[in-house]
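Student: Sending over a structure as structure tokens; questions will come in a sec.
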Amino acid sequence: MKKLTLLAAATLLSACQSTTPAGKVGLDGEVFYLQRIALPPSATLSVSLQDVSLADAPAVVIDEQKGPVKGQVPLPFHLSYDPAQVNPGHRYSVSARIEVNGELMFITTENHAVQLDGNDPQPLKIRVDAIR
């Protein structure tokens, strides 16, 4: 009976692991906001992992997840990156935005820095704030 329980638990854990292309690692997280409102069915979520090292240049997008919102907050996301491409001394950040019918509704207003060294807390909690 113990073996059956252990086998079932191992199967469930392996099913919960996120799929990431070979050689890449992932960042899992949730986007949330504090307002007590529901998102309309036409809402879309964009979450990106960026290299924000250069202050006078646009951030370099390493990975991005875009798509329709399924359900309500917290909204799960998964980003992938190749650890061999992580440069020591560079700064990396995760940002998110929620749009409704092409108009911005929520966006990150704080820096959500990640180290990409395998020690980032997961799931990441990314707060977005309403656009007034």
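Here's how to read the names in the structure tokens: chain A, B, ... by the order shown, residue numbers from 1 in each chain, ligand numbers from 1 in the order shown.
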What's the 7 Å shell around Leu124 (chain A), counting only C-alpha atoms, without same-chain residues fewer than 4 positions away, as a list in words?

Tutor: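 Contacts, with the query itself left out: Asp28, Gly29 and Glu30 of chain A.
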
Student: Env of Tyr81 (chain A): 12 Å cut, atoms = only C-alpha atoms, seq-sep filter 5 positions within chain, self excluded. Answer as a list in words.

Tutor: Thr20, Pro21, Ala22, Gly23, Lys24, Val25, Gly26, Leu27, Asp28, Ser48, Leu49, Gln50, Asp51, Val61, Ile62, Asp63, Glu64, Val86, Asn87, Tyr92, Gln115, Leu116, Asp117 and Gly118 of chain A

Student: Using DSSP on the backbone, list every residue of chain A that comes out as alpha helix (DSSP H), and give them as a ChimeraX atom specification.

Tutor: /A:2-16

Student: Please, could you write that set of residues out with all heavy atoms as a compact mmCIF listing (two decimals), in the first residue's frame?

Tutor:
# COMPACT_ATOMS: atom_id res chain seq x y z
N LYS A 2 1.98 1.23 0.78
CA LYS A 2 2.88 2.39 0.82
C LYS A 2 3.49 2.65 -0.54
O LYS A 2 3.63 3.80 -0.96
CB LYS A 2 3.99 2.18 1.85
CG LYS A 2 3.58 2.44 3.27
CD LYS A 2 4.79 2.37 4.17
CE LYS A 2 4.40 2.70 5.59
NZ LYS A 2 5.55 2.68 6.48
N LYS A 3 3.86 1.57 -1.25
CA LYS A 3 4.46 1.73 -2.58
C LYS A 3 3.46 2.37 -3.54
O LYS A 3 3.82 3.22 -4.35
CB LYS A 3 4.94 0.39 -3.12
CG LYS A 3 6.19 -0.11 -2.44
CD LYS A 3 6.66 -1.39 -3.09
CE LYS A 3 7.91 -1.90 -2.37
NZ LYS A 3 8.42 -3.11 -2.96
N LEU A 4 2.21 1.96 -3.45
CA LEU A 4 1.18 2.52 -4.32
C LEU A 4 0.98 4.01 -4.03
O LEU A 4 0.87 4.82 -4.95
CB LEU A 4 -0.13 1.75 -4.13
CG LEU A 4 -1.28 2.17 -5.04
CD1 LEU A 4 -0.89 2.04 -6.51
CD2 LEU A 4 -2.51 1.35 -4.76
N THR A 5 0.99 4.37 -2.75
CA THR A 5 0.84 5.77 -2.37
C THR A 5 2.03 6.59 -2.86
O THR A 5 1.86 7.69 -3.38
CB THR A 5 0.71 5.89 -0.83
OG1 THR A 5 -0.38 5.09 -0.40
CG2 THR A 5 0.49 7.34 -0.42
N LEU A 6 3.25 6.07 -2.69
CA LEU A 6 4.44 6.76 -3.16
C LEU A 6 4.43 6.92 -4.68
O LEU A 6 4.79 7.97 -5.21
CB LEU A 6 5.70 6.04 -2.72
CG LEU A 6 6.05 6.14 -1.25
CD1 LEU A 6 7.23 5.24 -0.92
CD2 LEU A 6 6.38 7.58 -0.89
N LEU A 7 4.01 5.88 -5.38
CA LEU A 7 3.93 5.94 -6.84
C LEU A 7 2.92 6.99 -7.28
O LEU A 7 3.19 7.78 -8.20
CB LEU A 7 3.57 4.57 -7.41
CG LEU A 7 3.46 4.49 -8.93
CD1 LEU A 7 4.79 4.83 -9.57
CD2 LEU A 7 3.02 3.11 -9.35
N ALA A 8 1.78 7.05 -6.63
CA ALA A 8 0.76 8.05 -6.96
C ALA A 8 1.28 9.46 -6.69
O ALA A 8 1.07 10.37 -7.49
CB ALA A 8 -0.51 7.79 -6.17
N ALA A 9 1.96 9.64 -5.57
CA ALA A 9 2.51 10.96 -5.24
C ALA A 9 3.57 11.38 -6.25
O ALA A 9 3.61 12.53 -6.70
CB ALA A 9 3.09 10.96 -3.84
N ALA A 10 4.44 10.47 -6.64
CA ALA A 10 5.49 10.78 -7.62
C ALA A 10 4.87 11.14 -8.96
O ALA A 10 5.33 12.06 -9.65
CB ALA A 10 6.44 9.60 -7.76
N THR A 11 3.83 10.43 -9.36
CA THR A 11 3.15 10.72 -10.61
C THR A 11 2.52 12.11 -10.59
O THR A 11 2.64 12.87 -11.54
CB THR A 11 2.07 9.65 -10.90
OG1 THR A 11 2.68 8.37 -10.91
CG2 THR A 11 1.38 9.90 -12.23
N LEU A 12 1.88 12.45 -9.48
CA LEU A 12 1.28 13.78 -9.36
C LEU A 12 2.33 14.87 -9.40
O LEU A 12 2.15 15.90 -10.06
CB LEU A 12 0.47 13.88 -8.06
CG LEU A 12 -0.88 13.20 -8.07
CD1 LEU A 12 -1.49 13.23 -6.68
CD2 LEU A 12 -1.81 13.86 -9.06
N LEU A 13 3.44 14.68 -8.71
CA LEU A 13 4.50 15.69 -8.70
C LEU A 13 5.11 15.88 -10.09
O LEU A 13 5.36 16.99 -10.52
CB LEU A 13 5.59 15.33 -7.70
CG LEU A 13 5.25 15.54 -6.24
CD1 LEU A 13 6.36 15.02 -5.34
CD2 LEU A 13 4.99 17.00 -5.95
N SER A 14 5.31 14.79 -10.81
CA SER A 14 5.89 14.93 -12.15
C SER A 14 4.90 15.61 -13.10
O SER A 14 5.30 16.34 -13.98
CB SER A 14 6.32 13.57 -12.71
OG SER A 14 5.19 12.75 -12.92
N ALA A 15 3.62 15.40 -12.89
CA ALA A 15 2.62 16.06 -13.72
C ALA A 15 2.55 17.55 -13.43
O ALA A 15 2.20 18.34 -14.29
CB ALA A 15 1.24 15.43 -13.49
N CYS A 16 2.91 17.96 -12.20
CA CYS A 16 2.87 19.37 -11.83
C CYS A 16 4.07 20.15 -12.34
O CYS A 16 4.04 21.37 -12.39
CB CYS A 16 2.81 19.51 -10.30
SG CYS A 16 1.26 18.95 -9.61

Student: Check the DSSP output for the backbone and give back, as a PDB file with N, CA, C and O atoms, in the first residue's frame, the residues of chain A in strand (DSSP E).

Tutor:
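The new file result_12.pdb reads:
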ATOM      1  N   VAL A  25      15.587  26.547 -18.411  1.00  0.00           N
ATOM      2  CA  VAL A  25      14.984  26.486 -17.081  1.00  0.00           C
ATOM      3  C   VAL A  25      13.807  27.445 -17.075  1.00  0.00           C
ATOM      4  O   VAL A  25      13.707  28.312 -17.928  1.00  0.00           O
ATOM      5  N   GLY A  26      12.955  27.296 -16.089  1.00  0.00           N
ATOM      6  CA  GLY A  26      11.762  28.121 -16.079  1.00  0.00           C
ATOM      7  C   GLY A  26      11.561  28.918 -14.816  1.00  0.00           C
ATOM      8  O   GLY A  26      12.105  28.602 -13.770  1.00  0.00           O
ATOM      9  N   LEU A  27      10.800  29.966 -14.977  1.00  0.00           N
ATOM     10  CA  LEU A  27      10.320  30.774 -13.861  1.00  0.00           C
ATOM     11  C   LEU A  27       8.803  30.664 -13.869  1.00  0.00           C
ATOM     12  O   LEU A  27       8.161  30.963 -14.874  1.00  0.00           O
ATOM     13  N   ASP A  28       8.250  30.211 -12.768  1.00  0.00           N
ATOM     14  CA  ASP A  28       6.800  30.136 -12.640  1.00  0.00           C
ATOM     15  C   ASP A  28       6.348  31.220 -11.683  1.00  0.00           C
ATOM     16  O   ASP A  28       7.052  31.567 -10.739  1.00  0.00           O
ATOM     17  N   GLY A  29       5.165  31.755 -11.942  1.00  0.00           N
ATOM     18  CA  GLY A  29       4.677  32.797 -11.063  1.00  0.00           C
ATOM     19  C   GLY A  29       3.214  33.078 -11.248  1.00  0.00           C
ATOM     20  O   GLY A  29       2.514  32.390 -12.000  1.00  0.00           O
ATOM     21  N   GLU A  30       2.780  34.122 -10.543  1.00  0.00           N
ATOM     22  CA  GLU A  30       1.376  34.550 -10.573  1.00  0.00           C
ATOM     23  C   GLU A  30       1.331  36.068 -10.644  1.00  0.00           C
ATOM     24  O   GLU A  30       2.075  36.749  -9.952  1.00  0.00           O
ATOM     25  N   VAL A  31       0.444  36.557 -11.481  1.00  0.00           N
ATOM     26  CA  VAL A  31       0.189  37.996 -11.574  1.00  0.00           C
ATOM     27  C   VAL A  31      -1.094  38.267 -10.795  1.00  0.00           C
ATOM     28  O   VAL A  31      -2.070  37.528 -10.920  1.00  0.00           O
ATOM     29  N   PHE A  32      -1.059  39.333  -9.969  1.00  0.00           N
ATOM     30  CA  PHE A  32      -2.248  39.673  -9.188  1.00  0.00           C
ATOM     31  C   PHE A  32      -2.380  41.184  -9.087  1.00  0.00           C
ATOM     32  O   PHE A  32      -1.449  41.923  -9.375  1.00  0.00           O
ATOM     33  N   ALA A  43     -10.011  40.211 -21.676  1.00  0.00           N
ATOM     34  CA  ALA A  43      -8.716  40.609 -21.108  1.00  0.00           C
ATOM     35  C   ALA A  43      -7.599  39.693 -21.612  1.00  0.00           C
ATOM     36  O   ALA A  43      -7.794  38.494 -21.810  1.00  0.00           O
ATOM     37  N   THR A  44      -6.412  40.297 -21.826  1.00  0.00           N
ATOM     38  CA  THR A  44      -5.226  39.537 -22.216  1.00  0.00           C
ATOM     39  C   THR A  44      -4.096  39.848 -21.240  1.00  0.00           C
ATOM     40  O   THR A  44      -3.995  40.960 -20.724  1.00  0.00           O
ATOM     41  N   LEU A  45      -3.244  38.859 -21.009  1.00  0.00           N
ATOM     42  CA  LEU A  45      -2.118  38.987 -20.096  1.00  0.00           C
ATOM     43  C   LEU A  45      -0.822  38.854 -20.884  1.00  0.00           C
ATOM     44  O   LEU A  45      -0.691  37.958 -21.720  1.00  0.00           O
ATOM     45  N   SER A  46       0.128  39.751 -20.609  1.00  0.00           N
ATOM     46  CA  SER A  46       1.479  39.667 -21.171  1.00  0.00           C
ATOM     47  C   SER A  46       2.462  39.719 -20.011  1.00  0.00           C
ATOM     48  O   SER A  46       2.404  40.640 -19.196  1.00  0.00           O
ATOM     49  N   VAL A  47       3.354  38.738 -19.959  1.00  0.00           N
ATOM     50  CA  VAL A  47       4.398  38.697 -18.929  1.00  0.00           C
ATOM     51  C   VAL A  47       5.717  38.493 -19.660  1.00  0.00           C
ATOM     52  O   VAL A  47       5.811  37.651 -20.558  1.00  0.00           O
ATOM     53  N   SER A  48       6.735  39.280 -19.288  1.00  0.00           N
ATOM     54  CA  SER A  48       8.013  39.135 -19.976  1.00  0.00           C
ATOM     55  C   SER A  48       9.181  39.127 -18.995  1.00  0.00           C
ATOM     56  O   SER A  48       9.148  39.769 -17.950  1.00  0.00           O
ATOM     57  N   LEU A  49      10.203  38.366 -19.376  1.00  0.00           N
ATOM     58  CA  LEU A  49      11.484  38.325 -18.681  1.00  0.00           C
ATOM     59  C   LEU A  49      12.434  39.149 -19.521  1.00  0.00           C
ATOM     60  O   LEU A  49      12.579  38.901 -20.724  1.00  0.00           O
ATOM     61  N   GLN A  50      13.076  40.160 -18.893  1.00  0.00           N
ATOM     62  CA  GLN A  50      13.892  41.101 -19.644  1.00  0.00           C
ATOM     63  C   GLN A  50      15.261  41.298 -19.005  1.00  0.00           C
ATOM     64  O   GLN A  50      15.398  41.241 -17.783  1.00  0.00           O
ATOM     65  N   ASP A  51      16.248  41.571 -19.865  1.00  0.00           N
ATOM     66  CA  ASP A  51      17.563  42.020 -19.413  1.00  0.00           C
ATOM     67  C   ASP A  51      17.481  43.541 -19.385  1.00  0.00           C
ATOM     68  O   ASP A  51      17.318  44.185 -20.420  1.00  0.00           O
ATOM     69  N   VAL A  60      16.058  44.090 -23.244  1.00  0.00           N
ATOM     70  CA  VAL A  60      16.099  42.962 -24.165  1.00  0.00           C
ATOM     71  C   VAL A  60      15.167  41.883 -23.617  1.00  0.00           C
ATOM     72  O   VAL A  60      15.354  41.403 -22.498  1.00  0.00           O
ATOM     73  N   VAL A  61      14.155  41.526 -24.394  1.00  0.00           N
ATOM     74  CA  VAL A  61      13.193  40.510 -23.963  1.00  0.00           C
ATOM     75  C   VAL A  61      13.809  39.125 -24.172  1.00  0.00           C
ATOM     76  O   VAL A  61      14.197  38.765 -25.280  1.00  0.00           O
ATOM     77  N   ILE A  62      13.890  38.360 -23.082  1.00  0.00           N
ATOM     78  CA  ILE A  62      14.442  37.007 -23.124  1.00  0.00           C
ATOM     79  C   ILE A  62      13.337  35.995 -23.413  1.00  0.00           C
ATOM     80  O   ILE A  62      13.517  35.074 -24.190  1.00  0.00           O
ATOM     81  N   ASP A  63      12.192  36.170 -22.774  1.00  0.00           N
ATOM     82  CA  ASP A  63      11.031  35.321 -23.032  1.00  0.00           C
ATOM     83  C   ASP A  63       9.779  36.112 -22.695  1.00  0.00           C
ATOM     84  O   ASP A  63       9.811  37.023 -21.852  1.00  0.00           O
ATOM     85  N   GLU A  64       8.687  35.750 -23.356  1.00  0.00           N
ATOM     86  CA  GLU A  64       7.422  36.444 -23.127  1.00  0.00           C
ATOM     87  C   GLU A  64       6.280  35.457 -23.270  1.00  0.00           C
ATOM     88  O   GLU A  64       6.315  34.575 -24.119  1.00  0.00           O
ATOM     89  N   GLN A  65       5.290  35.624 -22.413  1.00  0.00           N
ATOM     90  CA  GLN A  65       4.059  34.833 -22.498  1.00  0.00           C
ATOM     91  C   GLN A  65       2.916  35.802 -22.724  1.00  0.00           C
ATOM     92  O   GLN A  65       2.748  36.749 -21.952  1.00  0.00           O
ATOM     93  N   LYS A  66       2.148  35.583 -23.792  1.00  0.00           N
ATOM     94  CA  LYS A  66       0.999  36.442 -24.105  1.00  0.00           C
ATOM     95  C   LYS A  66      -0.200  35.561 -24.385  1.00  0.00           C
ATOM     96  O   LYS A  66      -0.055  34.492 -24.970  1.00  0.00           O
ATOM     97  N   GLY A  67      -1.353  36.043 -23.980  1.00  0.00           N
ATOM     98  CA  GLY A  67      -2.549  35.289 -24.311  1.00  0.00           C
ATOM     99  C   GLY A  67      -3.753  35.755 -23.530  1.00  0.00           C
ATOM    100  O   GLY A  67      -3.655  36.614 -22.652  1.00  0.00           O
ATOM    101  N   PRO A  68      -4.918  35.196 -23.875  1.00  0.00           N
ATOM    102  CA  PRO A  68      -6.140  35.565 -23.168  1.00  0.00           C
ATOM    103  C   PRO A  68      -6.089  35.126 -21.716  1.00  0.00           C
ATOM    104  O   PRO A  68      -5.474  34.109 -21.386  1.00  0.00           O
ATOM    105  N   LEU A  75      -3.201  35.076 -11.741  1.00  0.00           N
ATOM    106  CA  LEU A  75      -3.077  34.545 -13.094  1.00  0.00           C
ATOM    107  C   LEU A  75      -1.701  33.885 -13.239  1.00  0.00           C
ATOM    108  O   LEU A  75      -0.682  34.558 -13.131  1.00  0.00           O
ATOM    109  N   PRO A  76      -1.657  32.584 -13.487  1.00  0.00           N
ATOM    110  CA  PRO A  76      -0.375  31.883 -13.566  1.00  0.00           C
ATOM    111  C   PRO A  76       0.373  32.198 -14.863  1.00  0.00           C
ATOM    112  O   PRO A  76      -0.239  32.494 -15.891  1.00  0.00           O
ATOM    113  N   PHE A  77       1.710  32.117 -14.786  1.00  0.00           N
ATOM    114  CA  PHE A  77       2.532  32.263 -15.987  1.00  0.00           C
ATOM    115  C   PHE A  77       3.770  31.389 -15.864  1.00  0.00           C
ATOM    116  O   PHE A  77       4.142  30.947 -14.779  1.00  0.00           O
ATOM    117  N   HIS A  78       4.405  31.136 -17.012  1.00  0.00           N
ATOM    118  CA  HIS A  78       5.653  30.382 -17.069  1.00  0.00           C
ATOM    119  C   HIS A  78       6.555  31.036 -18.109  1.00  0.00           C
ATOM    120  O   HIS A  78       6.141  31.257 -19.242  1.00  0.00           O
ATOM    121  N   LEU A  79       7.783  31.344 -17.711  1.00  0.00           N
ATOM    122  CA  LEU A  79       8.775  31.913 -18.614  1.00  0.00           C
ATOM    123  C   LEU A  79       9.986  30.994 -18.631  1.00  0.00           C
ATOM    124  O   LEU A  79      10.351  30.414 -17.610  1.00  0.00           O
ATOM    125  N   SER A  80      10.627  30.861 -19.798  1.00  0.00           N
ATOM    126  CA  SER A  80      11.801  30.001 -19.942  1.00  0.00           C
ATOM    127  C   SER A  80      13.023  30.824 -20.308  1.00  0.00           C
ATOM    128  O   SER A  80      12.908  31.859 -20.960  1.00  0.00           O
ATOM    129  N   TYR A  81      14.186  30.336 -19.900  1.00  0.00           N
ATOM    130  CA  TYR A  81      15.440  30.972 -20.301  1.00  0.00           C
ATOM    131  C   TYR A  81      16.543  29.936 -20.302  1.00  0.00           C
ATOM    132  O   TYR A  81      16.453  28.896 -19.646  1.00  0.00           O
ATOM    133  N   TYR A  92      18.183  41.444 -14.379  1.00  0.00           N
ATOM    134  CA  TYR A  92      17.027  40.846 -15.039  1.00  0.00           C
ATOM    135  C   TYR A  92      15.769  41.172 -14.241  1.00  0.00           C
ATOM    136  O   TYR A  92      15.811  41.286 -13.021  1.00  0.00           O
ATOM    137  N   SER A  93      14.668  41.303 -14.970  1.00  0.00           N
ATOM    138  CA  SER A  93      13.418  41.708 -14.334  1.00  0.00           C
ATOM    139  C   SER A  93      12.235  41.049 -15.044  1.00  0.00           C
ATOM    140  O   SER A  93      12.305  40.749 -16.235  1.00  0.00           O
ATOM    141  N   VAL A  94      11.151  40.860 -14.295  1.00  0.00           N
ATOM    142  CA  VAL A  94       9.902  40.337 -14.853  1.00  0.00           C
ATOM    143  C   VAL A  94       8.876  41.456 -14.799  1.00  0.00           C
ATOM    144  O   VAL A  94       8.729  42.132 -13.770  1.00  0.00           O
ATOM    145  N   SER A  95       8.169  41.674 -15.897  1.00  0.00           N
ATOM    146  CA  SER A  95       7.113  42.687 -15.919  1.00  0.00           C
ATOM    147  C   SER A  95       5.846  42.080 -16.515  1.00  0.00           C
ATOM    148  O   SER A  95       5.903  41.087 -17.235  1.00  0.00           O
ATOM    149  N   ALA A  96       4.713  42.687 -16.185  1.00  0.00           N
ATOM    150  CA  ALA A  96       3.431  42.169 -16.656  1.00  0.00           C
ATOM    151  C   ALA A  96       2.485  43.312 -16.978  1.00  0.00           C
ATOM    152  O   ALA A  96       2.624  44.423 -16.449  1.00  0.00           O
ATOM    153  N   ARG A  97       1.533  43.021 -17.835  1.00  0.00           N
ATOM    154  CA  ARG A  97       0.482  43.980 -18.167  1.00  0.00           C
ATOM    155  C   ARG A  97      -0.783  43.213 -18.532  1.00  0.00           C
ATOM    156  O   ARG A  97      -0.721  42.119 -19.064  1.00  0.00           O
ATOM    157  N   ILE A  98      -1.915  43.827 -18.222  1.00  0.00           N
ATOM    158  CA  ILE A  98      -3.217  43.268 -18.576  1.00  0.00           C
ATOM    159  C   ILE A  98      -3.920  44.318 -19.435  1.00  0.00           C
ATOM    160  O   ILE A  98      -4.025  45.478 -19.042  1.00  0.00           O
ATOM    161  N   GLU A  99      -4.366  43.897 -20.607  1.00  0.00           N
ATOM    162  CA  GLU A  99      -5.083  44.786 -21.520  1.00  0.00           C
ATOM    163  C   GLU A  99      -6.497  44.260 -21.735  1.00  0.00           C
ATOM    164  O   GLU A  99      -6.742  43.058 -21.664  1.00  0.00           O
ATOM    165  N   VAL A 100      -7.404  45.188 -22.006  1.00  0.00           N
ATOM    166  CA  VAL A 100      -8.780  44.834 -22.335  1.00  0.00           C
ATOM    167  C   VAL A 100      -9.124  45.545 -23.638  1.00  0.00           C
ATOM    168  O   VAL A 100      -9.030  46.775 -23.718  1.00  0.00           O
ATOM    169  N   GLU A 103      -6.628  48.081 -24.805  1.00  0.00           N
ATOM    170  CA  GLU A 103      -6.318  49.215 -23.932  1.00  0.00           C
ATOM    171  C   GLU A 103      -5.737  48.709 -22.613  1.00  0.00           C
ATOM    172  O   GLU A 103      -6.255  47.770 -22.011  1.00  0.00           O
ATOM    173  N   LEU A 104      -4.659  49.365 -22.179  1.00  0.00           N
ATOM    174  CA  LEU A 104      -3.991  48.985 -20.952  1.00  0.00           C
ATOM    175  C   LEU A 104      -4.888  49.197 -19.744  1.00  0.00           C
ATOM    176  O   LEU A 104      -5.468  50.265 -19.572  1.00  0.00           O
ATOM    177  N   MET A 105      -5.000  48.159 -18.895  1.00  0.00           N
ATOM    178  CA  MET A 105      -5.824  48.239 -17.690  1.00  0.00           C
ATOM    179  C   MET A 105      -4.967  48.144 -16.429  1.00  0.00           C
ATOM    180  O   MET A 105      -5.205  48.869 -15.467  1.00  0.00           O
ATOM    181  N   PHE A 106      -3.958  47.248 -16.440  1.00  0.00           N
ATOM    182  CA  PHE A 106      -3.052  47.050 -15.311  1.00  0.00           C
ATOM    183  C   PHE A 106      -1.632  46.893 -15.848  1.00  0.00           C
ATOM    184  O   PHE A 106      -1.435  46.337 -16.929  1.00  0.00           O
ATOM    185  N   ILE A 107      -0.634  47.350 -15.052  1.00  0.00           N
ATOM    186  CA  ILE A 107       0.762  47.199 -15.441  1.00  0.00           C
ATOM    187  C   ILE A 107       1.634  47.171 -14.180  1.00  0.00           C
ATOM    188  O   ILE A 107       1.245  47.712 -13.145  1.00  0.00           O
ATOM    189  N   ALA A 113      12.853  42.219  -9.725  1.00  0.00           N
ATOM    190  CA  ALA A 113      14.157  41.686 -10.112  1.00  0.00           C
ATOM    191  C   ALA A 113      14.235  40.184  -9.858  1.00  0.00           C
ATOM    192  O   ALA A 113      13.691  39.677  -8.878  1.00  0.00           O
ATOM    193  N   VAL A 114      14.922  39.493 -10.767  1.00  0.00           N
ATOM    194  CA  VAL A 114      15.231  38.075 -10.605  1.00  0.00           C
ATOM    195  C   VAL A 114      16.727  37.892 -10.860  1.00  0.00           C
ATOM    196  O   VAL A 114      17.331  38.645 -11.623  1.00  0.00           O
ATOM    197  N   LEU A 124       6.865  33.204  -8.420  1.00  0.00           N
ATOM    198  CA  LEU A 124       7.067  34.644  -8.309  1.00  0.00           C
ATOM    199  C   LEU A 124       5.705  35.304  -8.150  1.00  0.00           C
ATOM    200  O   LEU A 124       4.727  34.869  -8.755  1.00  0.00           O
ATOM    201  N   LYS A 125       5.627  36.329  -7.361  1.00  0.00           N
ATOM    202  CA  LYS A 125       4.380  37.077  -7.168  1.00  0.00           C
ATOM    203  C   LYS A 125       4.572  38.450  -7.804  1.00  0.00           C
ATOM    204  O   LYS A 125       5.358  39.262  -7.304  1.00  0.00           O
ATOM    205  N   ILE A 126       3.885  38.702  -8.899  1.00  0.00           N
ATOM    206  CA  ILE A 126       4.034  39.946  -9.649  1.00  0.00           C
ATOM    207  C   ILE A 126       2.744  40.763  -9.505  1.00  0.00           C
ATOM    208  O   ILE A 126       1.692  40.364  -9.991  1.00  0.00           O
ATOM    209  N   ARG A 127       2.855  41.906  -8.817  1.00  0.00           N
ATOM    210  CA  ARG A 127       1.695  42.768  -8.643  1.00  0.00           C
ATOM    211  C   ARG A 127       1.619  43.783  -9.785  1.00  0.00           C
ATOM    212  O   ARG A 127       2.625  44.371 -10.175  1.00  0.00           O
ATOM    213  N   ASP A 129      -0.653  47.255 -11.124  1.00  0.00           N
ATOM    214  CA  ASP A 129      -1.485  48.334 -10.609  1.00  0.00           C
ATOM    215  C   ASP A 129      -2.370  48.888 -11.723  1.00  0.00           C
ATOM    216  O   ASP A 129      -1.987  48.882 -12.901  1.00  0.00           O
ATOM    217  N   ALA A 130      -3.535  49.373 -11.326  1.00  0.00           N
ATOM    218  CA  ALA A 130      -4.502  49.903 -12.291  1.00  0.00           C
ATOM    219  C   ALA A 130      -3.997  51.197 -12.910  1.00  0.00           C
ATOM    220  O   ALA A 130      -3.331  51.990 -12.263  1.00  0.00           O
TER     221      ALA A 130
END

Student: CA of Asn101 (chain A) and CA of Ser42 (chain A) are how many Å apart?

Tutor: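 According to the coordinates, CA of Asn101 (chain A) and CA of Ser42 (chain A) are separated by 6.2 Å.
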
Student: What is the CA of Asp120 (chain A)-CA of Ala59 (chain A) distance in Å, reported with one decimal?

Tutor: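 It comes out at 20.2 Å.
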